[in-house]
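Student: Enclosed is the structure file target29.cif (mmCIF, N, CA and C atoms).
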data_structure
#
loop_
_atom_site.label_atom_id
_atom_site.label_comp_id
_atom_site.auth_asym_id
_atom_site.auth_seq_id
_atom_site.Cartn_x
_atom_site.Cartn_y
_atom_site.Cartn_z
N MET A 1 26.09 -5.18 -29.13
CA MET A 1 27.10 -5.62 -30.08
C MET A 1 28.02 -4.43 -30.36
N ASP A 2 29.32 -4.65 -30.30
CA ASP A 2 30.27 -3.56 -30.54
C ASP A 2 30.37 -3.27 -32.05
N HIS A 3 31.01 -2.15 -32.37
CA HIS A 3 31.04 -1.70 -33.77
C HIS A 3 31.83 -2.63 -34.67
N ILE A 4 32.87 -3.28 -34.17
CA ILE A 4 33.65 -4.19 -35.02
C ILE A 4 32.81 -5.43 -35.35
N THR A 5 32.13 -5.96 -34.35
CA THR A 5 31.26 -7.12 -34.60
C THR A 5 30.16 -6.74 -35.59
N GLU A 6 29.59 -5.57 -35.42
CA GLU A 6 28.56 -5.10 -36.36
C GLU A 6 29.11 -5.02 -37.78
N ARG A 7 30.33 -4.53 -37.91
CA ARG A 7 30.94 -4.41 -39.24
C ARG A 7 31.17 -5.78 -39.87
N VAL A 8 31.69 -6.71 -39.08
CA VAL A 8 31.91 -8.07 -39.59
C VAL A 8 30.58 -8.67 -40.03
N MET A 9 29.55 -8.51 -39.23
CA MET A 9 28.22 -9.03 -39.57
C MET A 9 27.69 -8.40 -40.85
N THR A 10 27.86 -7.09 -40.98
CA THR A 10 27.41 -6.39 -42.18
C THR A 10 28.13 -6.91 -43.41
N LEU A 11 29.43 -7.11 -43.31
CA LEU A 11 30.19 -7.65 -44.43
C LEU A 11 29.71 -9.04 -44.80
N LEU A 12 29.49 -9.88 -43.81
CA LEU A 12 29.02 -11.25 -44.10
C LEU A 12 27.68 -11.25 -44.82
N VAL A 13 26.79 -10.39 -44.39
CA VAL A 13 25.45 -10.34 -44.99
C VAL A 13 25.48 -9.65 -46.34
N ASP A 14 26.07 -8.46 -46.41
CA ASP A 14 26.01 -7.66 -47.63
C ASP A 14 26.99 -8.11 -48.71
N LYS A 15 28.22 -8.36 -48.35
CA LYS A 15 29.24 -8.68 -49.35
C LYS A 15 29.29 -10.17 -49.68
N PHE A 16 29.07 -11.01 -48.66
CA PHE A 16 29.22 -12.44 -48.87
C PHE A 16 27.88 -13.18 -48.88
N SER A 17 26.79 -12.42 -48.93
CA SER A 17 25.43 -12.95 -49.13
C SER A 17 24.99 -13.99 -48.10
N MET A 18 25.40 -13.79 -46.86
CA MET A 18 24.93 -14.67 -45.80
C MET A 18 23.52 -14.24 -45.39
N ASP A 19 22.77 -15.16 -44.84
CA ASP A 19 21.42 -14.89 -44.38
C ASP A 19 21.45 -13.85 -43.26
N ALA A 20 20.57 -12.90 -43.31
CA ALA A 20 20.54 -11.81 -42.32
C ALA A 20 20.18 -12.30 -40.93
N THR A 21 19.76 -13.54 -40.79
CA THR A 21 19.40 -14.06 -39.46
C THR A 21 20.59 -14.65 -38.72
N ILE A 22 21.78 -14.62 -39.31
CA ILE A 22 22.95 -15.14 -38.60
C ILE A 22 23.22 -14.28 -37.38
N THR A 23 23.91 -14.86 -36.43
CA THR A 23 24.25 -14.13 -35.21
C THR A 23 25.78 -14.02 -35.12
N PRO A 24 26.28 -13.19 -34.23
CA PRO A 24 27.74 -13.08 -34.06
C PRO A 24 28.40 -14.39 -33.64
N THR A 25 27.63 -15.31 -33.10
CA THR A 25 28.21 -16.58 -32.65
C THR A 25 27.93 -17.74 -33.60
N THR A 26 27.35 -17.45 -34.76
CA THR A 26 27.15 -18.51 -35.76
C THR A 26 28.51 -18.94 -36.29
N ALA A 27 28.78 -20.22 -36.22
CA ALA A 27 30.08 -20.74 -36.65
C ALA A 27 30.28 -20.57 -38.15
N PHE A 28 31.48 -20.14 -38.54
CA PHE A 28 31.80 -20.02 -39.96
C PHE A 28 31.59 -21.35 -40.68
N ALA A 29 31.91 -22.45 -40.01
CA ALA A 29 31.73 -23.77 -40.61
C ALA A 29 30.26 -24.02 -40.96
N ASP A 30 29.36 -23.54 -40.10
CA ASP A 30 27.92 -23.70 -40.36
C ASP A 30 27.46 -22.84 -41.54
N LEU A 31 28.20 -21.77 -41.81
CA LEU A 31 27.87 -20.89 -42.93
C LEU A 31 28.49 -21.36 -44.24
N GLY A 32 29.38 -22.34 -44.15
CA GLY A 32 30.03 -22.85 -45.35
C GLY A 32 31.08 -21.90 -45.91
N LEU A 33 31.66 -21.06 -45.06
CA LEU A 33 32.67 -20.12 -45.54
C LEU A 33 33.96 -20.86 -45.86
N ASP A 34 34.48 -20.62 -47.05
CA ASP A 34 35.73 -21.28 -47.43
C ASP A 34 36.92 -20.34 -47.19
N SER A 35 38.10 -20.85 -47.45
CA SER A 35 39.32 -20.09 -47.16
C SER A 35 39.40 -18.80 -47.98
N LEU A 36 38.86 -18.80 -49.18
CA LEU A 36 38.89 -17.59 -50.01
C LEU A 36 38.05 -16.48 -49.39
N VAL A 37 36.89 -16.83 -48.89
CA VAL A 37 36.03 -15.84 -48.23
C VAL A 37 36.72 -15.30 -46.97
N LEU A 38 37.31 -16.19 -46.19
CA LEU A 38 38.01 -15.75 -44.98
C LEU A 38 39.18 -14.84 -45.31
N LEU A 39 39.89 -15.15 -46.36
CA LEU A 39 41.00 -14.31 -46.80
C LEU A 39 40.51 -12.94 -47.24
N GLU A 40 39.45 -12.92 -48.03
CA GLU A 40 38.90 -11.65 -48.50
C GLU A 40 38.38 -10.81 -47.33
N LEU A 41 37.71 -11.45 -46.38
CA LEU A 41 37.24 -10.75 -45.19
C LEU A 41 38.42 -10.18 -44.41
N SER A 42 39.48 -10.95 -44.30
CA SER A 42 40.68 -10.50 -43.61
C SER A 42 41.28 -9.26 -44.26
N VAL A 43 41.33 -9.25 -45.58
CA VAL A 43 41.88 -8.11 -46.32
C VAL A 43 41.03 -6.85 -46.08
N ILE A 44 39.72 -7.00 -46.12
CA ILE A 44 38.83 -5.86 -45.87
C ILE A 44 39.05 -5.32 -44.46
N LEU A 45 39.12 -6.20 -43.49
CA LEU A 45 39.31 -5.76 -42.10
C LEU A 45 40.67 -5.12 -41.90
N GLU A 46 41.68 -5.62 -42.59
CA GLU A 46 43.01 -5.01 -42.50
C GLU A 46 42.97 -3.59 -43.04
N ARG A 47 42.31 -3.39 -44.17
CA ARG A 47 42.19 -2.04 -44.74
C ARG A 47 41.44 -1.10 -43.80
N GLU A 48 40.40 -1.60 -43.17
CA GLU A 48 39.56 -0.74 -42.33
C GLU A 48 40.13 -0.50 -40.93
N TYR A 49 40.78 -1.52 -40.37
CA TYR A 49 41.22 -1.42 -38.97
C TYR A 49 42.73 -1.49 -38.80
N GLY A 50 43.47 -1.73 -39.89
CA GLY A 50 44.92 -1.78 -39.80
C GLY A 50 45.44 -3.01 -39.09
N THR A 51 44.62 -4.02 -39.00
CA THR A 51 44.97 -5.24 -38.28
C THR A 51 45.06 -6.40 -39.26
N ARG A 52 46.23 -7.01 -39.33
CA ARG A 52 46.43 -8.13 -40.24
C ARG A 52 46.14 -9.44 -39.51
N LEU A 53 45.17 -10.20 -40.04
CA LEU A 53 44.83 -11.51 -39.50
C LEU A 53 45.03 -12.53 -40.60
N SER A 54 45.69 -13.62 -40.26
CA SER A 54 45.90 -14.67 -41.25
C SER A 54 44.61 -15.46 -41.45
N GLU A 55 44.60 -16.22 -42.52
CA GLU A 55 43.46 -17.10 -42.78
C GLU A 55 43.29 -18.07 -41.62
N ASP A 56 44.41 -18.56 -41.07
CA ASP A 56 44.35 -19.47 -39.92
C ASP A 56 43.76 -18.78 -38.69
N ASP A 57 44.14 -17.50 -38.46
CA ASP A 57 43.56 -16.74 -37.35
C ASP A 57 42.05 -16.63 -37.51
N MET A 58 41.63 -16.34 -38.74
CA MET A 58 40.20 -16.19 -39.03
C MET A 58 39.46 -17.50 -38.79
N ALA A 59 40.02 -18.59 -39.29
CA ALA A 59 39.38 -19.89 -39.13
C ALA A 59 39.32 -20.29 -37.67
N GLU A 60 40.40 -20.03 -36.94
CA GLU A 60 40.44 -20.38 -35.51
C GLU A 60 39.44 -19.55 -34.71
N ALA A 61 39.29 -18.28 -35.07
CA ALA A 61 38.30 -17.43 -34.38
C ALA A 61 36.91 -18.02 -34.57
N GLY A 62 36.61 -18.46 -35.78
CA GLY A 62 35.43 -19.27 -36.04
C GLY A 62 34.09 -18.60 -36.13
N THR A 63 33.98 -17.37 -35.64
CA THR A 63 32.70 -16.65 -35.66
C THR A 63 32.97 -15.16 -35.88
N ALA A 64 31.92 -14.43 -36.20
CA ALA A 64 32.07 -12.98 -36.35
C ALA A 64 32.53 -12.35 -35.03
N ALA A 65 31.98 -12.82 -33.92
CA ALA A 65 32.38 -12.28 -32.62
C ALA A 65 33.84 -12.61 -32.33
N GLY A 66 34.27 -13.79 -32.69
CA GLY A 66 35.66 -14.18 -32.49
C GLY A 66 36.62 -13.33 -33.31
N VAL A 67 36.26 -13.09 -34.56
CA VAL A 67 37.09 -12.25 -35.43
C VAL A 67 37.13 -10.83 -34.89
N ALA A 68 35.99 -10.31 -34.47
CA ALA A 68 35.94 -8.95 -33.91
C ALA A 68 36.83 -8.84 -32.68
N ALA A 69 36.84 -9.86 -31.84
CA ALA A 69 37.69 -9.84 -30.65
C ALA A 69 39.16 -9.82 -31.04
N LEU A 70 39.53 -10.59 -32.07
CA LEU A 70 40.92 -10.58 -32.54
C LEU A 70 41.31 -9.21 -33.09
N VAL A 71 40.43 -8.62 -33.88
CA VAL A 71 40.71 -7.29 -34.44
C VAL A 71 40.88 -6.29 -33.30
N ALA A 72 40.00 -6.32 -32.34
CA ALA A 72 40.08 -5.39 -31.20
C ALA A 72 41.37 -5.60 -30.41
N ALA A 73 41.73 -6.85 -30.18
CA ALA A 73 42.94 -7.16 -29.42
C ALA A 73 44.19 -6.70 -30.16
N HIS A 74 44.25 -6.95 -31.46
CA HIS A 74 45.40 -6.53 -32.26
C HIS A 74 45.47 -5.01 -32.37
N SER A 75 44.32 -4.36 -32.50
CA SER A 75 44.29 -2.90 -32.60
C SER A 75 44.76 -2.26 -31.30
N ALA A 76 44.38 -2.85 -30.17
CA ALA A 76 44.75 -2.30 -28.87
C ALA A 76 46.26 -2.50 -28.62
N ALA A 77 46.82 -3.55 -29.21
CA ALA A 77 48.24 -3.84 -29.00
C ALA A 77 49.15 -2.94 -29.81
N VAL A 78 48.59 -2.30 -30.83
CA VAL A 78 49.41 -1.45 -31.71
C VAL A 78 49.58 -0.08 -31.13
#
Translate the structure of the given file into structure tokens.

Tutor:
Amino acid sequence: MDHITERVMTLLVDKFSMDATITPTTAFADLGLDSLVLLELSVILEREYGTRLSEDDMAEAGTAAGVAALVAAHSAAV
């Protein structure tokens, strides 16, 4: 697991109280994440990685691995 995926997973477990048994491919819909949580996660990732992702981007990515891939792709493009 790459460091961005690890960070997203850590945030989900520690900050948003998700079960520690989730995986990078667990769907956000299965976790019951709402738009406010996705927005807050986006803000944290923007502060840490300088990558702005919209709530729609986050929802479309759908998983921690998907979000990490978007952050990596946006970071590489900058």

Student: From the list A:Ala27, A:Val8, A:Ile22, A:Val13, which residue is nearest Ala61 (chain A) when using all atoms listed in the file?

Tutor: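 Counting all atoms listed in the file, the residue closest to Ala61 (chain A) is A:Ala27.
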
Student: If the PyMOL selection byres ((chain A and resi 68-76) around 8) were run on this exact file, what residues would it hold? Put them as a list in words.

Tutor: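 Given this file, the PyMOL selection byres ((chain A and resi 68-76) around 8) evaluates to His3, Ile4, Thr5, Glu6, Val8, Leu45, Tyr49, Gly50, Thr51, Arg52, Leu53, Asp57, Ala61, Thr63, Ala64, Ala65, Gly66, Val67, Ala77 and Val78 of chain A.
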
Student: List as a PyMOL selection string the residues having at least one atom at most 12 Å from position (31.7, -19.5, -40.9) as given in the file, counting only C-alpha atoms.

Tutor: chain A and resi 8-9+12-13+16+18-19+22-38+41+58-67

Student: Distance atom N of Val43 (chain A)-CA of Ser17 (chain A), one decimal place?

Tutor: 16.7 Å

Student: Just to confirm, what's the straight-line distance from CA of Glu55 (chain A) to CA of Arg7 (chain A) in Å (one decimal)?

Tutor: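 Distance between the two atoms: 18.2 Å.
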
Student: Report the distance between atom C of Ala20 (chain A) and CA of Asp56 (chain A) in Å, rounded to one decimal place.

Tutor: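 Atom C of Ala20 (chain A) sits 25.2 Å away from CA of Asp56 (chain A).
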
Student: Can you list, as number ranges by chain, every residue of chain A that DSSP puts in helix (DSSP H, G or I)?

Tutor: A: 3-14, 28-31, 35-49, 55-61, 64-77

Student: Draw an axis-aligned box tight on the listed atoms of region 8-16 of chain A, then pad every side by 3 Å and write out centre and edge lengths in Å to one decimal as AutoDock Vina command-line options.

Tutor:
--center_x 28.7 --center_y -9.8 --center_z -44.4 --size_x 12.5 --size_y 12.8 --size_z 16.6
